[in-house]
>>> print(open('structure.cif').read())   # mmCIF, C-alpha atoms
data_target
#
loop_
_atom_site.group_PDB
_atom_site.id
_atom_site.type_symbol
_atom_site.label_atom_id
_atom_site.label_comp_id
_atom_site.auth_asym_id
_atom_site.auth_seq_id
_atom_site.Cartn_x
_atom_site.Cartn_y
_atom_site.Cartn_z
ATOM 1 C CA GLN A 1 0.000 0.000 0.000
ATOM 2 C CA ALA A 2 2.872 2.366 0.710
ATOM 3 C CA GLY A 3 4.578 1.566 -2.582
ATOM 4 C CA VAL A 4 7.553 -0.128 -0.935
ATOM 5 C CA ASP A 5 9.402 -2.657 -3.056
ATOM 6 C CA VAL A 6 9.152 -6.069 -1.339
ATOM 7 C CA GLN A 7 11.739 -8.775 -1.984
ATOM 8 C CA TYR A 8 11.563 -12.296 -0.585
ATOM 9 C CA VAL A 9 15.004 -13.630 0.280
ATOM 10 C CA SER A 10 16.523 -16.398 2.376
ATOM 11 C CA LYS A 11 17.260 -16.154 6.085
ATOM 12 C CA HIS A 12 20.942 -16.319 5.194
ATOM 13 C CA GLU A 13 20.678 -13.101 3.168
ATOM 14 C CA LEU A 14 18.838 -11.360 5.997
ATOM 15 C CA ASN A 15 21.557 -12.453 8.398
ATOM 16 C CA LEU A 16 24.179 -10.939 6.083
ATOM 17 C CA LEU A 17 22.242 -7.678 5.831
ATOM 18 C CA THR A 18 21.974 -7.364 9.610
ATOM 19 C CA ASP A 19 25.415 -8.733 10.536
ATOM 20 C CA ASN A 20 23.614 -11.590 12.317
ATOM 21 C CA ARG A 21 21.694 -9.247 14.605
ATOM 22 C CA PRO A 22 18.054 -10.212 15.405
ATOM 23 C CA HIS A 23 15.730 -9.288 12.514
ATOM 24 C CA GLN A 24 12.573 -11.380 13.070
ATOM 25 C CA GLY A 25 12.429 -12.301 9.405
ATOM 26 C CA MET A 26 12.141 -8.768 8.010
ATOM 27 C CA VAL A 27 14.588 -5.988 7.133
ATOM 28 C CA LEU A 28 13.712 -2.500 5.917
ATOM 29 C CA ASP A 29 16.314 -0.531 3.974
ATOM 30 C CA ALA A 30 15.706 3.181 4.558
ATOM 31 C CA THR A 31 17.632 6.401 4.089
ATOM 32 C CA PRO A 32 19.086 7.752 7.361
ATOM 33 C CA LEU A 33 17.341 10.515 9.254
ATOM 34 C CA GLU A 34 19.286 13.722 9.795
ATOM 35 C CA TYR A 35 18.966 16.498 12.332
ATOM 36 C CA GLU A 36 17.056 19.577 11.153
ATOM 37 C CA PRO A 37 19.198 22.701 11.644
ATOM 38 C CA MET A 38 17.609 25.391 13.822
ATOM 39 C CA GLY A 39 18.586 29.044 13.863
ATOM 40 C CA SER A 40 16.391 30.519 16.594
ATOM 41 C CA LEU A 41 13.157 30.267 18.544
ATOM 42 C CA PRO A 42 10.418 32.904 18.224
ATOM 43 C CA PRO A 43 10.394 35.652 20.868
ATOM 44 C CA ALA A 44 8.638 34.451 24.002
ATOM 45 C CA ALA A 45 6.310 37.455 23.958
ATOM 46 C CA SER A 46 4.870 36.344 20.615
ATOM 47 C CA LEU A 47 3.655 33.009 22.017
ATOM 48 C CA THR A 48 0.232 32.458 23.563
ATOM 49 C CA GLY A 49 -1.445 29.646 25.465
ATOM 50 C CA THR A 50 0.335 27.089 27.635
ATOM 51 C CA PRO A 51 4.038 27.982 27.812
ATOM 52 C CA PRO A 52 6.047 25.610 25.583
ATOM 53 C CA LEU A 53 8.939 23.621 26.967
ATOM 54 C CA TRP A 54 11.840 22.865 24.626
ATOM 55 C CA LEU A 55 14.582 20.403 25.454
ATOM 56 C CA ALA A 56 18.234 21.151 24.652
ATOM 57 C CA LEU A 57 20.824 18.375 24.868
ATOM 58 C CA ASP A 58 24.429 19.428 25.333
ATOM 59 C CA GLU A 59 26.623 16.765 23.724
ATOM 60 C CA VAL A 60 24.612 13.688 24.713
ATOM 61 C CA THR A 61 26.531 10.923 22.955
ATOM 62 C CA ASP A 62 24.948 7.704 24.238
ATOM 63 C CA PRO A 63 22.365 6.450 21.705
ATOM 64 C CA GLN A 64 20.352 4.577 24.345
ATOM 65 C CA ASN A 65 19.990 7.714 26.441
ATOM 66 C CA LEU A 66 19.151 9.832 23.408
ATOM 67 C CA GLY A 67 16.466 7.360 22.356
ATOM 68 C CA ALA A 68 14.972 7.251 25.839
ATOM 69 C CA ILE A 69 14.938 11.052 25.957
ATOM 70 C CA LEU A 70 13.168 11.327 22.600
ATOM 71 C CA ARG A 71 10.593 8.792 23.753
ATOM 72 C CA CYS A 72 9.889 10.820 26.907
ATOM 73 C CA ALA A 73 9.799 14.125 25.026
ATOM 74 C CA TRP A 74 7.272 12.771 22.521
ATOM 75 C CA PHE A 75 5.078 11.035 25.099
ATOM 76 C CA LEU A 76 5.018 13.900 27.596
ATOM 77 C CA GLY A 77 4.427 16.619 25.012
ATOM 78 C CA ALA A 78 7.623 18.661 24.894
ATOM 79 C CA ALA A 79 7.437 21.373 22.234
ATOM 80 C CA GLY A 80 10.634 20.144 20.616
ATOM 81 C CA VAL A 81 14.144 18.786 21.042
ATOM 82 C CA MET A 82 17.447 20.276 19.932
ATOM 83 C CA VAL A 83 20.972 18.918 20.228
ATOM 84 C CA SER A 84 24.479 20.244 19.774
ATOM 85 C CA ALA A 85 25.443 19.944 16.124
ATOM 86 C CA LYS A 86 28.811 18.515 17.192
ATOM 87 C CA ASN A 87 29.532 15.670 19.611
ATOM 88 C CA SER A 88 25.971 14.335 19.732
ATOM 89 C CA ALA A 89 24.829 10.804 18.984
ATOM 90 C CA PRO A 90 23.567 10.481 15.385
ATOM 91 C CA LEU A 91 19.957 9.519 14.661
ATOM 92 C CA SER A 92 20.732 5.833 14.252
ATOM 93 C CA ALA A 93 18.815 2.571 14.352
ATOM 94 C CA THR A 94 19.885 2.156 17.981
ATOM 95 C CA VAL A 95 18.384 5.525 18.872
ATOM 96 C CA SER A 96 15.202 4.658 16.997
ATOM 97 C CA LYS A 97 14.797 1.374 18.845
ATOM 98 C CA ALA A 98 15.450 2.985 22.234
ATOM 99 C CA SER A 99 12.884 5.680 21.392
ATOM 100 C CA ALA A 100 10.248 3.036 20.515
ATOM 101 C CA GLY A 101 9.811 4.771 17.165
ATOM 102 C CA ALA A 102 9.420 8.310 18.544
ATOM 103 C CA MET A 103 12.470 9.373 16.539
ATOM 104 C CA GLU A 104 10.482 8.860 13.335
ATOM 105 C CA LEU A 105 7.467 10.786 14.636
ATOM 106 C CA MET A 106 9.176 14.040 15.551
ATOM 107 C CA VAL A 107 11.620 16.484 14.008
ATOM 108 C CA VAL A 108 14.828 16.591 16.036
ATOM 109 C CA HIS A 109 16.787 19.799 15.581
ATOM 110 C CA SER A 110 20.480 20.618 15.768
ATOM 111 C CA VAL A 111 22.062 23.897 16.851
ATOM 112 C CA LYS A 112 25.477 24.909 15.573
ATOM 113 C CA ASN A 113 26.452 26.944 18.649
ATOM 114 C CA LEU A 114 24.318 25.870 21.604
ATOM 115 C CA PRO A 115 25.691 28.323 24.219
ATOM 116 C CA LYS A 116 25.059 31.267 21.876
ATOM 117 C CA PHE A 117 21.603 29.909 21.009
ATOM 118 C CA LEU A 118 20.674 29.665 24.699
ATOM 119 C CA MET A 119 21.990 33.144 25.439
ATOM 120 C CA GLU A 120 20.041 34.702 22.565
ATOM 121 C CA SER A 121 16.896 32.804 23.548
ATOM 122 C CA GLY A 122 17.196 34.180 27.074
ATOM 123 C CA GLU A 123 17.502 37.697 25.656
ATOM 124 C CA ASN A 124 14.292 37.020 23.696
ATOM 125 C CA GLY A 125 12.350 36.287 26.869
ATOM 126 C CA TRP A 126 12.794 32.530 27.146
ATOM 127 C CA GLY A 127 13.487 30.949 30.489
ATOM 128 C CA VAL A 128 16.616 28.800 30.332
ATOM 129 C CA GLY A 129 17.023 26.196 33.053
ATOM 130 C CA ALA A 130 19.399 23.301 33.550
ATOM 131 C CA ALA A 131 19.652 20.227 35.740
ATOM 132 C CA TRP A 132 22.994 21.234 37.180
ATOM 133 C CA GLY A 133 24.726 22.735 40.182
ATOM 134 C CA THR A 134 24.967 22.098 43.909
ATOM 135 C CA GLU A 135 22.672 24.992 44.841
ATOM 136 C CA ALA A 136 19.887 24.133 42.418
ATOM 137 C CA THR A 137 16.163 24.484 43.127
ATOM 138 C CA ASP A 138 14.132 21.325 43.674
ATOM 139 C CA VAL A 139 12.068 20.921 40.500
ATOM 140 C CA THR A 140 8.920 20.343 42.583
ATOM 141 C CA HIS A 141 9.243 23.965 43.747
ATOM 142 C CA TYR A 142 9.620 25.346 40.242
ATOM 143 C CA SER A 143 6.637 26.581 38.234
ATOM 144 C CA LEU A 144 6.707 26.684 34.444
ATOM 145 C CA ASP A 145 4.923 29.961 33.683
ATOM 146 C CA THR A 146 6.948 31.229 30.727
ATOM 147 C CA PRO A 147 8.316 29.661 27.506
ATOM 148 C CA THR A 148 11.315 27.670 28.685
ATOM 149 C CA ILE A 149 14.282 25.651 27.470
ATOM 150 C CA LEU A 150 15.417 22.768 29.686
ATOM 151 C CA VAL A 151 19.109 22.036 29.150
ATOM 152 C CA MET A 152 20.551 18.611 29.915
ATOM 153 C CA GLY A 153 24.265 17.847 29.923
ATOM 154 C CA SER A 154 26.232 14.840 28.744
ATOM 155 C CA GLU A 155 26.467 11.560 30.615
ATOM 156 C CA GLY A 156 30.007 12.049 31.825
ATOM 157 C CA SER A 157 31.017 15.704 32.054
ATOM 158 C CA GLY A 158 27.589 17.330 32.361
ATOM 159 C CA LEU A 159 27.084 20.857 31.037
ATOM 160 C CA ARG A 160 29.835 22.749 29.322
ATOM 161 C CA THR A 161 30.795 25.939 31.103
ATOM 162 C CA MET A 162 29.439 28.256 28.406
ATOM 163 C CA CYS A 163 26.076 26.453 28.400
ATOM 164 C CA GLU A 164 25.921 26.707 32.180
ATOM 165 C CA ARG A 165 26.538 30.454 32.007
ATOM 166 C CA ALA A 166 23.606 30.847 29.608
ATOM 167 C CA CYS A 167 21.191 29.231 32.095
ATOM 168 C CA LYS A 168 19.179 31.448 34.429
ATOM 169 C CA ASP A 169 17.796 28.703 36.671
ATOM 170 C CA MET A 170 19.346 25.522 38.034
ATOM 171 C CA LEU A 171 17.090 22.596 38.856
ATOM 172 C CA MET A 172 17.544 19.345 40.712
ATOM 173 C CA ILE A 173 15.682 16.118 41.499
ATOM 174 C CA SER A 174 15.773 15.389 45.220
ATOM 175 C CA SER A 175 16.764 11.889 46.243
ATOM 176 C CA GLY A 176 14.468 9.753 48.378
ATOM 177 C CA LEU A 177 17.489 8.451 50.270
ATOM 178 C CA SER A 178 18.032 9.777 53.762
ATOM 179 C CA SER A 179 20.761 12.346 54.292
ATOM 180 C CA SER A 180 22.624 9.932 56.565
ATOM 181 C CA VAL A 181 22.810 7.360 53.775
ATOM 182 C CA LEU A 182 23.932 9.957 51.242
ATOM 183 C CA ASP A 183 26.517 11.457 53.592
ATOM 184 C CA ALA A 184 27.905 8.026 54.447
ATOM 185 C CA GLY A 185 28.173 7.111 50.774
ATOM 186 C CA THR A 186 26.543 3.742 51.423
ATOM 187 C CA GLY A 187 23.768 4.189 48.865
ATOM 188 C CA ALA A 188 24.364 1.802 45.962
ATOM 189 C CA VAL A 189 22.641 4.285 43.624
ATOM 190 C CA ASP A 190 22.943 7.985 44.429
ATOM 191 C CA SER A 191 22.239 9.563 41.034
ATOM 192 C CA LEU A 192 20.229 9.165 37.818
ATOM 193 C CA ASN A 193 21.398 8.908 34.238
ATOM 194 C CA VAL A 194 20.481 11.672 31.828
ATOM 195 C CA GLY A 195 17.662 9.684 30.216
ATOM 196 C CA VAL A 196 15.817 8.981 33.474
ATOM 197 C CA ALA A 197 16.459 12.459 34.881
ATOM 198 C CA THR A 198 15.135 14.110 31.727
ATOM 199 C CA GLY A 199 11.900 12.130 31.908
ATOM 200 C CA ILE A 200 11.292 13.150 35.520
ATOM 201 C CA LEU A 201 12.057 16.813 34.873
ATOM 202 C CA LEU A 202 9.881 16.980 31.755
ATOM 203 C CA HIS A 203 6.932 15.419 33.560
ATOM 204 C CA GLN A 204 7.225 17.753 36.529
ATOM 205 C CA LEU A 205 7.657 20.927 34.461
ATOM 206 C CA LEU A 206 4.937 20.152 31.932
ATOM 207 C CA SER A 207 2.541 19.173 34.720
ATOM 208 C CA SER A 208 3.165 22.481 36.475
ATOM 209 C CA ALA A 209 2.432 24.363 33.239
ATOM 210 C CA LYS A 210 -0.918 22.582 32.923
ATOM 211 C CA ARG A 211 -1.796 23.310 36.551
ATOM 212 C CA ASN A 212 -1.068 26.980 35.996
ATOM 213 C CA GLU A 213 -3.488 27.005 33.056
ATOM 214 C CA ALA A 214 -6.295 25.317 35.037
#
>>> encode(input="structure.cif", output="C-alpha cells")
Amino acid sequence: QAGVDVQYVSKHELNLLTDNRPHQGMVLDATPLEYEPMGSLPPAASLTGTPPLWLALDEVTDPQNLGAILRCAWFLGAAGVMVSAKNSAPLSATVSKASAGAMELMVVHSVKNLPKFLMESGENGWGVGAAWGTEATDVTHYSLDTPTILVMGSEGSGLRTMCERACKDMLMISSGLSSSVLDAGTGAVDSLNVGVATGILLHQLLSSAKRNEA
C-alpha cells in the first residue's frame, strides 16, 4: 500500500544484511534521518497559550539515552528537542529502537552553537534552566509559567561551562534516600542517568504548566 518494493530472500541473506543481529524475518532498507538545523526560537512574547517547553541536549553521545529522551519528550508533550550539532549521537537505528519509534514521529533539531543559542533565547524572553549545580532548586518547587528551554548535559562531564553560564535557573531532582545514607556514601545508587532524569524533569515541568493554566 505504501509503494515499498518487497523482496523475498533467504534467512541467510537477511543475516548478512543485519550482521547476524536479530531481525525477526524482516529488514527494511531506509535512508538515514538527519537532524534539522535550527537558527532561533520565536520571541517568548509572541507566544500564547500554555508555555512551551523545549529540550536542549548538550553533547549527549549515548544512543540509548538519546532514544529514551526522545521517547519521553514525545510522550510527555515537549514542544521540541534540539541537540548540539557537534559531539551528539547520530539519529541511528539504535536511537530509533530505544525511542520506541518516537524518533520517526518528531523532528529533532540541531544547533550549531548551543551556548550562543541559549543566550540569545534568554535575551528574547525565554526561560533557560538546567539540571545542574549544587545549589539548584528542587524541581517540585519550580513553576513553568513562561516559555522555557530545559538544558541537559552529557552523561560524563555534564554541562559545558558556556552552556551553564547561559542558564538562568538551576534545577535538581531530590533523592528519596536519607541524608545519613547519602553522607555516608553507602547508597548503591545515588544519582540518575540523563535519560531517566530528563523524563522526571519533563513530567514535573509540563505538569506544572498545565496546573497553571487550570
>>> residues_around(input="structure.cif", residues="region 55-70 of chain A", least_positions_apart="4", cutoff="7 Å", atoms="all atoms listed in the file", output="NGL selection string")
:A and (74 or 80-84 or 87-89 or 94-96 or 98-99 or 102-103 or 149-155 or 159 or 194-195 or 198-199)
>>> residues_around(input="structure.cif", residues="Asn212 (chain A)", least_positions_apart="2", cutoff="9 Å", atoms="all atoms listed in the file", output="MDAnalysis selection string")
chainID A and resid 50 143:145 207:210 214
>>> atom_distance(input="structure.cif", atom1="CA of His109 (chain A)", atom2="CA of Thr48 (chain A)")
22.3 Å
>>> atom_distance(input="structure.cif", atom1="CA of Gly125 (chain A)", atom2="CA of Ala166 (chain A)")
12.8 Å
>>> closest_residue(input="structure.cif", among="A:Ser121, A:Ser174, A:His141, A:Gly133", to="Thr161 (chain A)", atoms="only C-alpha atoms")
A:Gly133
>>> atom_distance(input="structure.cif", atom1="CA of Leu205 (chain A)", atom2="CA of Lys168 (chain A)")
15.6 Å
>>> resolve_selection(input="structure.cif", expression="the PyMOL selection byres ((chain A and resi 26) around 12)", output="list in words")
Val6, Gln7, Tyr8, Val9, Ser10, Lys11, His12, Glu13, Leu14, Asn15, Leu17, Thr18, Arg21, Pro22, His23, Gln24, Gly25, Val27, Leu28 and Asp29 of chain A
>>> closest_residue(input="structure.cif", among="A:Leu202, A:Val139, A:Leu118, A:Leu192", to="Gly39 (chain A)", atoms="only C-alpha atoms")
A:Leu118
>>> residues_around(input="structure.cif", residues="Thr31 (chain A)", least_positions_apart="2", cutoff="12 Å", atoms="all atoms listed in the file", output="ChimeraX atom specification")
/A:28-29,33-34,91-93,104
>>> closest_residue(input="structure.cif", among="A:Ala131, A:Ala79, A:Met38, A:Ala2", to="Met106 (chain A)", atoms="all atoms listed in the file")
A:Ala79
>>> closest_residue(input="structure.cif", among="A:Val108, A:Ala136, A:Leu16, A:Met162", to="Ala85 (chain A)", atoms="all atoms listed in the file")
A:Val108
>>> closest_residue(input="structure.cif", among="A:Thr148, A:Asp5, A:Met170, A:Arg165", to="Pro52 (chain A)", atoms="all atoms listed in the file")
A:Thr148
>>> residues_around(input="structure.cif", residues="Asp138 (chain A)", least_positions_apart="6", cutoff="8 Å", atoms="all atoms listed in the file", output="NGL selection string")
:A and (171-174)
>>> closest_residue(input="structure.cif", among="A:Ala44, A:Ala197, A:Ser110, A:Leu53", to="Asn124 (chain A)", atoms="only C-alpha atoms")
A:Ala44
